[in-house]
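Below is the file input.txt, which contains compact mmCIF, C-alpha atoms.
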```txt
# COMPACT_ATOMS: atom_id res chain seq x y z
CA MET A 1 138.78 85.38 95.55
CA THR A 2 135.38 83.86 94.84
CA GLU A 3 132.72 86.53 94.55
CA MET A 4 129.83 86.04 96.98
CA PRO A 5 126.33 85.97 95.48
CA THR A 6 124.14 89.00 95.94
CA ILE A 7 121.34 88.43 98.42
CA THR A 8 118.14 90.44 98.13
CA THR A 9 115.50 90.77 100.82
CA ASP A 10 112.86 92.15 98.45
CA SER A 11 110.03 90.06 97.08
CA ALA A 12 110.64 89.30 93.39
CA PRO A 13 110.85 92.80 91.86
CA ASP A 14 109.10 91.70 88.65
CA ASP A 15 106.30 89.91 90.49
CA SER A 16 103.60 92.36 89.45
CA TRP A 17 99.92 91.69 88.90
CA GLU A 18 97.37 93.02 86.47
CA VAL A 19 93.70 93.93 86.69
CA ALA A 20 91.65 95.31 83.80
CA GLY A 21 94.80 96.09 81.81
CA GLN A 22 96.50 98.03 84.62
CA ARG A 23 99.65 96.64 86.20
CA PHE A 24 100.69 97.09 89.84
CA THR A 25 103.65 95.99 91.92
CA SER A 26 102.03 96.38 95.34
CA ARG A 27 99.51 93.67 96.21
CA LEU A 28 98.10 95.61 99.15
CA ILE A 29 95.03 97.83 98.69
CA VAL A 30 94.02 100.14 101.52
CA GLY A 31 90.90 102.13 102.33
CA THR A 32 90.20 105.76 103.11
CA GLY A 33 87.76 105.50 106.00
CA LYS A 34 87.94 105.63 109.81
CA TYR A 35 91.21 107.59 109.94
CA LYS A 36 91.64 110.56 112.26
CA ASP A 37 91.98 112.80 109.22
CA PHE A 38 93.14 112.79 105.61
CA ALA A 39 96.73 113.54 106.65
CA GLN A 40 96.94 110.38 108.75
CA ASN A 41 95.32 108.43 105.93
CA ALA A 42 97.91 109.71 103.46
CA ALA A 43 100.77 108.81 105.80
CA ALA A 44 99.39 105.29 106.19
CA VAL A 45 99.09 104.87 102.42
CA GLU A 46 102.71 105.92 102.00
CA ALA A 47 103.90 103.54 104.73
CA SER A 48 101.92 100.67 103.21
CA GLY A 49 103.38 101.10 99.75
CA ALA A 50 99.87 100.66 98.33
CA GLN A 51 99.24 101.84 94.78
CA ILE A 52 95.44 101.59 94.99
CA VAL A 53 93.08 103.15 97.54
CA THR A 54 89.37 102.49 97.82
CA VAL A 55 87.11 105.51 98.17
CA ALA A 56 83.55 105.29 99.48
CA VAL A 57 81.89 107.67 97.05
CA ARG A 58 78.96 108.32 99.39
CA ARG A 59 81.11 109.03 102.45
CA VAL A 60 84.46 110.52 101.46
CA ASN A 61 84.64 114.06 100.11
CA ILE A 62 86.11 114.07 96.61
CA SER A 63 84.21 116.98 95.10
CA ASP A 64 83.21 119.71 97.63
CA PRO A 65 86.02 122.31 97.62
CA SER A 66 84.57 124.03 100.69
CA GLN A 67 85.60 121.00 102.80
CA PRO A 68 88.89 119.07 103.04
CA VAL A 69 89.24 117.06 99.83
CA LEU A 70 90.95 113.67 99.73
CA MET A 71 92.81 114.52 96.51
CA ASP A 72 94.73 117.26 98.34
CA TYR A 73 96.36 114.56 100.48
CA ILE A 74 96.47 111.47 98.26
CA ASP A 75 97.45 112.41 94.72
CA PRO A 76 95.28 110.56 92.15
CA LYS A 77 98.10 111.00 89.62
CA LYS A 78 100.32 108.79 91.80
CA ILE A 79 97.78 106.54 93.51
CA THR A 80 94.93 104.78 91.67
CA TYR A 81 91.54 105.64 93.13
CA LEU A 82 89.06 102.77 93.30
CA PRO A 83 85.58 104.22 93.94
CA ASN A 84 83.37 101.82 95.86
CA THR A 85 79.71 101.47 96.70
CA ALA A 86 80.01 101.10 100.48
CA GLY A 87 76.61 101.59 102.10
CA CYS A 88 74.57 100.45 99.10
CA PHE A 89 71.93 97.78 99.71
CA THR A 90 70.42 97.38 96.22
CA ALA A 91 71.83 96.90 92.75
CA ASP A 92 70.11 100.05 91.50
CA GLU A 93 71.61 102.12 94.32
CA ALA A 94 75.11 100.79 93.61
CA ILE A 95 74.79 101.33 89.86
CA ARG A 96 73.60 104.90 90.36
CA THR A 97 76.46 105.62 92.77
CA LEU A 98 79.10 104.43 90.31
CA ARG A 99 77.54 106.32 87.42
CA LEU A 100 77.87 109.48 89.48
CA ALA A 101 81.47 108.58 90.33
CA ARG A 102 82.32 108.18 86.66
CA GLU A 103 80.77 111.55 85.87
CA ALA A 104 82.75 113.18 88.70
CA GLY A 105 86.14 111.61 88.10
CA GLY A 106 86.01 109.54 84.94
CA TRP A 107 86.57 106.28 86.81
CA ASP A 108 85.82 102.97 85.07
CA LEU A 109 87.78 100.65 87.39
CA VAL A 110 85.51 100.43 90.42
CA LYS A 111 84.79 98.30 93.45
CA LEU A 112 81.26 96.98 93.69
CA GLU A 113 79.67 95.90 96.94
CA VAL A 114 75.96 95.42 97.47
CA LEU A 115 75.16 94.63 101.09
CA GLY A 116 72.39 92.40 102.30
CA GLU A 117 71.91 93.78 105.79
CA ALA A 118 73.46 96.28 108.18
CA ARG A 119 74.23 93.82 110.99
CA THR A 120 76.60 91.47 109.15
CA LEU A 121 77.41 93.59 106.07
CA TYR A 122 77.40 90.37 104.09
CA PRO A 123 76.92 90.82 100.35
CA ASP A 124 73.55 90.22 98.74
CA MET A 125 74.76 87.99 95.93
CA ARG A 126 71.59 88.20 93.83
CA GLU A 127 71.77 92.00 93.77
CA THR A 128 75.57 91.91 93.39
CA LEU A 129 75.35 89.70 90.30
CA LYS A 130 72.65 91.91 88.81
CA ALA A 131 74.76 95.04 89.34
CA THR A 132 77.88 93.36 87.94
CA GLU A 133 76.11 92.52 84.67
CA VAL A 134 74.71 96.03 84.23
CA LEU A 135 77.99 97.76 85.06
CA ALA A 136 80.05 95.52 82.79
CA ASN A 137 77.65 96.19 79.92
CA GLU A 138 78.07 99.93 80.52
CA GLY A 139 81.84 99.71 80.20
CA PHE A 140 82.72 99.64 83.88
CA LYS A 141 85.43 97.30 85.13
CA PRO A 142 84.04 96.07 88.45
CA MET A 143 86.15 94.45 91.14
CA VAL A 144 83.47 92.71 93.17
CA TYR A 145 83.09 92.04 96.91
CA CYS A 146 81.48 88.64 97.39
CA VAL A 147 80.88 85.72 99.71
CA ASP A 148 83.64 83.13 100.02
CA ASP A 149 81.89 80.76 97.61
CA PRO A 150 83.70 79.38 94.54
CA ILE A 151 80.44 79.01 92.59
CA ALA A 152 79.38 82.60 93.25
CA ALA A 153 82.88 83.83 92.39
CA LYS A 154 82.80 82.05 89.03
CA GLN A 155 79.34 83.46 88.28
CA LEU A 156 80.62 86.98 88.93
CA GLU A 157 83.57 86.39 86.62
CA GLU A 158 81.24 85.20 83.88
CA ALA A 159 79.07 88.28 84.45
CA GLY A 160 82.00 90.62 83.80
CA ALA A 161 83.85 91.06 87.09
CA VAL A 162 87.51 91.92 86.44
CA ALA A 163 88.42 90.68 89.93
CA VAL A 164 86.59 88.80 92.66
CA MET A 165 87.04 89.85 96.29
CA PRO A 166 85.77 87.23 98.74
CA LEU A 167 85.46 88.23 102.36
CA GLY A 168 87.76 86.61 104.89
CA ALA A 169 85.37 87.53 107.71
CA PRO A 170 82.70 90.22 108.21
CA ILE A 171 83.74 93.77 107.31
CA GLY A 172 85.56 95.51 110.16
CA SER A 173 85.55 92.40 112.38
CA GLY A 174 89.29 91.71 112.41
CA LEU A 175 88.54 87.99 112.81
CA GLY A 176 90.95 86.89 110.13
CA ILE A 177 90.30 84.35 107.36
CA GLN A 178 87.59 82.04 108.63
CA ASN A 179 87.45 79.58 105.75
CA LYS A 180 90.76 78.90 104.07
CA VAL A 181 89.33 75.99 102.10
CA THR A 182 86.85 78.04 100.09
CA ILE A 183 89.33 80.88 99.51
CA ARG A 184 91.78 78.35 98.09
CA LEU A 185 89.06 76.85 95.87
CA ILE A 186 88.18 80.32 94.55
CA VAL A 187 91.84 80.94 93.73
CA GLU A 188 92.16 77.58 91.96
CA GLY A 189 89.08 78.17 89.81
CA ALA A 190 89.44 81.86 89.00
CA GLY A 191 90.48 83.33 85.67
CA VAL A 192 90.66 86.83 87.14
CA PRO A 193 92.58 88.19 90.15
CA VAL A 194 91.36 87.12 93.60
CA LEU A 195 91.80 89.48 96.54
CA VAL A 196 90.71 88.86 100.11
CA ASP A 197 88.48 91.75 101.10
CA ALA A 198 87.36 92.27 104.71
CA GLY A 199 88.16 90.57 107.97
CA VAL A 200 91.95 90.85 108.12
CA GLY A 201 92.98 92.22 111.52
CA THR A 202 96.74 91.89 111.72
CA ALA A 203 99.83 91.18 109.66
CA SER A 204 99.88 87.40 110.07
CA GLU A 205 96.39 87.22 108.56
CA ALA A 206 97.45 89.28 105.55
CA ALA A 207 100.36 86.90 105.05
CA GLU A 208 97.98 83.96 105.32
CA ALA A 209 95.80 85.35 102.53
CA MET A 210 98.82 85.61 100.28
CA GLU A 211 100.01 82.12 101.21
CA LEU A 212 96.69 80.78 99.92
CA GLY A 213 97.62 82.14 96.49
CA CYS A 214 95.50 85.29 96.47
CA ASP A 215 96.65 88.06 94.16
CA GLY A 216 96.23 90.69 96.85
CA VAL A 217 94.57 91.85 100.05
CA LEU A 218 92.30 94.81 100.69
CA MET A 219 91.96 96.27 104.17
CA ASN A 220 90.87 99.42 105.95
CA THR A 221 89.91 98.94 109.61
CA ALA A 222 92.97 96.83 110.43
CA ILE A 223 95.18 99.82 109.72
CA ALA A 224 92.89 102.73 110.55
CA GLU A 225 91.89 101.39 113.99
CA ALA A 226 95.36 100.20 115.03
CA GLN A 227 96.85 102.08 117.97
CA ASP A 228 99.62 103.15 115.58
CA PRO A 229 98.14 103.16 112.05
CA ILE A 230 101.40 104.10 110.34
CA ARG A 231 103.34 101.27 111.95
CA MET A 232 100.54 98.82 111.18
CA ALA A 233 100.48 99.96 107.55
CA ARG A 234 104.19 99.21 107.34
CA ALA A 235 103.65 95.82 108.98
CA MET A 236 100.96 94.97 106.44
CA LYS A 237 103.29 95.89 103.59
CA HIS A 238 105.92 93.44 104.82
CA ALA A 239 103.31 90.76 105.59
CA VAL A 240 101.94 90.81 102.06
CA LEU A 241 105.45 90.55 100.62
CA ALA A 242 106.34 87.70 102.98
CA GLY A 243 103.14 85.80 102.28
CA ARG A 244 103.60 86.14 98.55
CA ASP A 245 107.21 84.93 98.74
CA ALA A 246 106.15 81.96 100.88
CA TYR A 247 103.48 81.03 98.33
CA LEU A 248 105.93 81.24 95.44
CA ALA A 249 108.58 79.30 97.38
CA GLY A 250 106.21 76.40 98.07
CA ARG A 251 105.89 75.38 101.68
CA MET A 252 107.21 72.10 103.07
CA LYS A 253 104.82 69.17 103.39
CA THR A 254 103.29 68.60 106.80
CA ARG A 255 104.03 65.32 108.57
CA LYS A 256 102.46 63.39 111.41
CA TYR A 257 105.77 62.87 113.21
CA ALA A 258 109.13 64.54 113.68
CA ASP A 259 111.69 64.45 110.90
CA PRO A 260 115.18 65.49 112.11
CA SER A 261 117.07 68.15 110.22
CA SER A 262 120.24 66.11 110.70
CA PRO A 263 120.27 62.30 110.13
CA LEU A 264 120.30 60.14 113.26
CA ALA A 265 122.40 57.41 111.65
CA GLY A 266 126.18 57.52 112.00
CA LEU A 267 126.24 59.48 115.24
CA ILE A 268 129.54 59.47 117.14
```
Just dump the structure as structure tokens.
Amino acid sequence: MTEMPTITTDSAPDDSWEVAGQRFTSRLIVGTGKYKDFAQNAAAVEASGAQIVTVAVRRVNISDPSQPVLMDYIDPKKITYLPNTAGCFTADEAIRTLRLAREAGGWDLVKLEVLGEARTLYPDMRETLKATEVLANEGFKPMVYCVDDPIAAKQLEEAGAVAVMPLGAPIGSGLGIQNKVTIRLIVEGAGVPVLVDAGVGTASEAAEAMELGCDGVLMNTAIAEAQDPIRMARAMKHAVLAGRDAYLAGRMKTRKYADPSSPLAGLI
């Protein structure tokens, strides 16, 4: 009897990615804000399969033992913590925040974001570039939130960013990827990992980011504000895997007109 081939439903098991010398198999990064409590956050992280969580150093308790501490729920020995500068509006403020984070937890791999204004939460690229240069010179390994601009992304890479993280849409908006063209151009020109950061609202949008060739997706609100965060976290896990597989498979070419799956010639 001919032996049937083994069929696997998993994305390529060896399809890992690397940032700043660290290798990960999950391409989904999740946040630690807006959840009902740390327990729900931890359950969502487990359901998502994420190996990295972002932590807003100025908002999430990671050091006061008199209050619930995130580390009691999400084990930093199993999950990589990525301290971020959420809420910082100047380079100096962001740099100071990450220096304190390194003193508290020894973190060098960090997420840098320097916001331009509170209404849009768009990055201030002049301040972001300034902070990237300073942090890189101090031995930090900054993954940097930026506008969806291939020129700005390349400038950040040259300044020492270990990953560039263009927004898909404004933070917390759930509008999805608004400009696929520029995201694709960033991916094509980058020599470091590219991760869509901000704007993803549902699973199909996470898959879309991966289909554009991004190395990963970061999200927080899409999971935390879902009616069922745990189920949404699981959906995002599968969406990222599906989008990555579709990108690696190479999609069919689009056509103006129909092209039958079965030939029309020789019909009975």
With distances taken over only C-alpha atoms, the candidate from A:Asp245, A:Asp72, A:Glu225, A:Glu127 nearest Ile95 of chain A is A:Glu127
Exercise. Grab the atom CA of Ala246 of chain A to atom CA of Lys111 of chain A distance for me, in Å with one decimal place.
Key: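 The value is 27.9 Å.
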Margin query: Can you pull out the residues contacting Lys36 of chain A? Cut-off 10 Å, using all atoms listed in the file, and skip same-chain residues under 4 positions away; I want them as an NGL selection string.
Written below: :A and (40-41 or 224-225 or 229)
Using only C-alpha atoms, please write the residues we just selected to a file, as a JSON list (two decimals), in the frame of the given file.
```
[["chain", "number", "residue", "atom", "x", "y", "z"],
["A", 40, "GLN", "CA", 96.94, 110.38, 108.75],
["A", 41, "ASN", "CA", 95.32, 108.43, 105.93],
["A", 224, "ALA", "CA", 92.89, 102.73, 110.55],
["A", 225, "GLU", "CA", 91.89, 101.39, 113.99],
["A", 229, "PRO", "CA", 98.14, 103.16, 112.05]]
```
ask   = Interatomic distance between atom CA of Thr54 of chain A and atom CA of Ala242 of chain A?
value =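 Spanning atom CA of Thr54 of chain A to atom CA of Ala242 of chain A is a straight-line distance of 23.1 Å.
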Quick one: residues within 12 Å of Gly21 of chain A, all atoms listed in the file counted, chain neighbours fewer than 4 positions away excluded, as a PDB file with C-alpha atoms, keeping the file's coordinate frame?
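Generated file (out_28.pdb):
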```pdb
ATOM      1  CA  TRP A  17      99.920  91.690  88.900  1.00  0.00           C
ATOM      2  CA  ASP A 108      85.820 102.970  85.070  1.00  0.00           C
ATOM      3  CA  LEU A 109      87.780 100.650  87.390  1.00  0.00           C
ATOM      4  CA  LYS A 141      85.430  97.300  85.130  1.00  0.00           C
ATOM      5  CA  VAL A 162      87.510  91.920  86.440  1.00  0.00           C
ATOM      6  CA  ALA A 163      88.420  90.680  89.930  1.00  0.00           C
ATOM      7  CA  VAL A 192      90.660  86.830  87.140  1.00  0.00           C
ATOM      8  CA  PRO A 193      92.580  88.190  90.150  1.00  0.00           C
TER       9      PRO A 193
END
```
For a quick check of your reading of the model, name the residues lying within 12 Å of the coordinate (89.8, 87.6, 115.1), counting all atoms listed in the file, and write them as a ChimeraX atom specification. /A:168-178,198-205,222
For Val45 of chain A, which residue among A:Leu156, A:Val30, A:Val57, A:Leu248 is the nearest when counting only C-alpha atoms?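 Closest candidate: A:Val30.
For the pair atom CA of Asn179 of chain A and atom CA of Val144 of chain A, the separation is 18.6 Å.
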